[in-house]
Each structure stands twice: as structure tokens, then as C-alpha cells.
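Heads up, the thing below is written out as C-alpha cells.
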Amino acid sequence: MEMLREFPPPPRAAEFSELISKRLEEVKTSGGTRETVTVDWSEQRVTVEVIDLPLEGLYFNPGTHRVRAQRSHDPVREAALDRDSWSAESQSYLKYLLQAEPANPDRRDPDFDKLKESLDQFGQNDPGLVTHYGVLVNGNTRAAALREIGAQSMRVGVLPESFTWADINAVELSLQLRKDHRRDYSYINRLLAMEEQASLGRTPEAIAKDFRIRTATYHQERWILGTIRDLIDRSKSGGSVALRLVDFEDDQEKFKELHRLYVKIAATDRDQAEVLKEMRLSAILLGFAKTDVRHIDESFLAKNYLEGTLAASLKDSDAGTELKAVSVPGLGASMPGPSSAVAAARALSDQILRAKAAVGSKEPDLLDGGQHPSQDLLSDARKSFDRAIDDAGRDARVRKRQQLAPARLADACADIDQCLVDLVQARSTRSLDEEAFDEALLKLRQSLRKLAQQAGRGMPHPGDGVSWLLTTAEGS
């Protein structure tokens, strides 16, 4: 679980704190109009003074939720950031991440350039927020943009000197979660922020209220983050090669749909739910669109679409055997392990996980221009799932066409039932337009005749419903 981290004061903290104190005193004694900013903290509001501070003396916040997931983009630089958050190298890495796309830190974020252009053209509209040591609590991205356009100072509100890192994190979250905030946290960073709040002992209800979501949605988000962390652990194949949190930034809706399906099926068949979960996770890892992933459902398993398309390189010889029973500590008993179907589905997704981690690791042996075995495996998996999903989608479209006519009739029945209620109410108030009602019934008769003509074709032995329709149409 993500825990709240305490950071030591940055270099020259006492010297910068003295500068802040002097400028705050100058503002108070100047007699002019004083700018303030109000922040939410511990269910109360605190108003703080705004002053100008030199940009070169401000530090990017190493604990900011804005780039929490993206820190793992470069493991070497992340390790340096963990060792010394205030070094020039670490601060440069934070600046780089603040400018990058959340889902792909290799690319510069167009929104950052828009912010930079706005600041260059119109200046800074809203003040940032700093600690008494000059660590940015709010306005990290703005500070990065101001530095790029050559600005020398930044308007900031100064938090009380007594604020702890827990207070700083609470203030940052409250500012971010305001509905009028201009730039949201990325999806994974929201999940990490919820996890951090839970580590502080806060209840799900309180956290859900702060994030303006239902408690059920909070539990769904925690399940998703737990699933992602499990995938990262399973992707490790030795050394530091593993998937990263940032690799799942674009999969929010796919995970939400997976959770809804998993909960629904697990209520009656836990093993089937686990198999579907692993199958969908594999499709998500292979980059299939949400509409494609939806075809992996109960029917997908029942008809075993993947079995006939699965490449030989993806068939794990150990996956078809039943896993050993799992012992229950303290009870002297054991319970059955996952079924062979679950084991096979998990073995397949593990292969894909490790291959994707290897391909994404950017190790020298993967960049020599040759085709790596992991790339071959991912290619085989993609082709196998593509064919299986295509077959499932084609059958789903056929089933939909088969069910469309009965569904239309069911809707018509519901409308007629409602018509009965409306008719009774209109008669009781003597407001029925009898002429219009009679005309509508004639249209209904005409529609039923047309339906009978089509329903009677190609049915040598019609059922009771069709027989009734044919008799009714003939009699009218």
C-alpha cells in the first residue's frame, strides 16, 4: 500500500524561510492592498498571504500526486529521486515528468505547451502555494512552464510554518478535487491518492466524499489498483524488468467494465469469473479496444473461441494440470486450488505480462534491430486473440439480429400496457380524444397484418403465438 512519505527540508531551507518571513512582513506593513488565498485543511479554511518569490529558489514537490505514477518511467532516475529529492538531477526529472504526457512520458504533453503559451501571453492568473521552505504544494506545472518562458518570480501563497507533510498532502488533494480545477490528476495518480488516504486510517466513506464519488466506486477503484499492482508483480522476470503503473493510464474504462463483470459472475461461479478476468486482462495488455474486450464474456468461454486460434508458442504445458490444494494456516486443513481452466488462463496472461515487460524495458538487446522472442510472443498472442475476438463478435452480431425482433415486440407490449393506464386515466377525466385513439388502432391493425404476413412465411409448423397472430390478422 502507498504510504505517506516524509521528506527532509531542502538545502538552504533556513535561509529561504528567512526570505519568506521578511517578504510576508513587508506585505503586512506596506499598507497597500494585500492578496490572499484560501485553502481547505482538516475540514476548515485557512487564509494565507500571497507574495512574490524567486523561481530559482522554489523546489518541485517530490511527493506531488500529479506525477506519482509517472516516476517509475525511468527506474534509474526514480532511484536517484528517492535517494535525494532535492538534487539538481531529481528536480530536473520532476520537471521533465510535469511536461510529459501522463500515459506516455516519452512524449511532451500538448496541454503543457498550451499552459506555457497562456502564461507567456496573459501572465499568472492564480497564485501557487508553497511551504515555508519554498516547496511547491500547488502550481508545480505552472512553475515548470514559467521557468521555460524565462520568468524570474512566481506569485505564491505561503502555508503556515507548522504544517506537516500530512497537512501538505491534504491541502494538495483538497485543491485538486475542487470541481473547478483546471487540470485533473491522471487516472492512476487518483488511485494512488485514494490509497494514500486509506493508509492514513481514513474510512472509505470519508475518502469517497472527498473524491466526490460513491463508496461503491471507491471500492471499485481500490480493486483496480490492487489488480494493477498484482499484474506488475507477475510481470517480473528477473532483475528490474517489469511493467510500470504508467503503462495502465489509458485502461480506466476497460478495468471498470472488467470489475463489473467479475463481481457479477463471481457471485455464482468464482472460477469462471477468474478465467474471464485473466482473459480480459490479456486482451487489455495486448492493446485491444474496449469494444473488442467486451466480446470476452460468458459466451466467449462457453464456445472456447480462443482454443482453436491459440498459437503453439502460447500453450503452456504446465497450465493444464490442476494446481495443488492450498493449506489454511492454523486450521490444519486445506482447500482446493484454482481449477485447471483458471491455471491455464493465468499461465497465458503471465506469458503476455513478462513479454510485454521485456519489450517495454528498452534494454540494449531489445533495441539491436532484431526481432526479440518476446516480440514474437506478443505478435502471436495478438493474432490469436484477434481471430478469437473476431469470431466472437461475428456470432454476437448474429445473436443480436436473432433477438432483435422479439425485443421489439417486448417493447411494444410495454407500450400497450402503458397505453391501457393512459386510457383509463383519460376516460376518468373525460379527456380522451376518441377520434385520434380510433385512428391509432387502425394503424395498429395495419401493422399487425404486415407482421403476420412476414411471420407466416417459412413456418410450416408455427407456434401458438404466430398461430394467434395469423388468425387475428385474417379475422380483421
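Going by the C-alpha cells order, chains are called A, B, ..., each with residues numbered from 1, while ligands are numbered from 1 in the order shown.
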Skip Pro9 of chain A itself and residues of its chain fewer than 5 positions away, then list as a count of residues only all residues within 12 Å of it, counting only C-alpha atoms.
-> 17
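If you look at atom CA of Val275 of chain A and atom CA of Leu245 of chain A, they are 23.2 Å away from each other.
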Could you name the residues that touch Pro204 of chain A at 8 Å or less, counting only C-alpha atoms, but leaving out those on the same chain fewer than 5 positions away, as a list of chain:residue names?
-> A:Ala198, A:Thr215, A:Tyr218, A:His219
Backbone DSSP call of alpha helix (DSSP H) for segment 68-204 of chain A, listed as a count of residues only = 69
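Candidate residues A:Arg260, A:Arg397, A:Lys22, A:Arg71 were compared for distance to Asn104 of chain A, and the nearest is A:Arg71, using only C-alpha atoms.
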One residue among A:Gly63, A:Gly360, A:Gly465, A:Gly456 is nearest to Gln91 of chain A when using only C-alpha atoms, and that residue is A:Gly63
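Across the structure, atom CA of Gln454 of chain A and atom CA of Glu474 of chain A are spaced 13.6 Å apart.
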Within 12 Å of Asp74 of chain A using only C-alpha atoms, minus same-chain residues under 3 positions, as a ChimeraX atom specification = /A:69-71,77-81,90,93-94,96-97,104-106,240-246,360-362
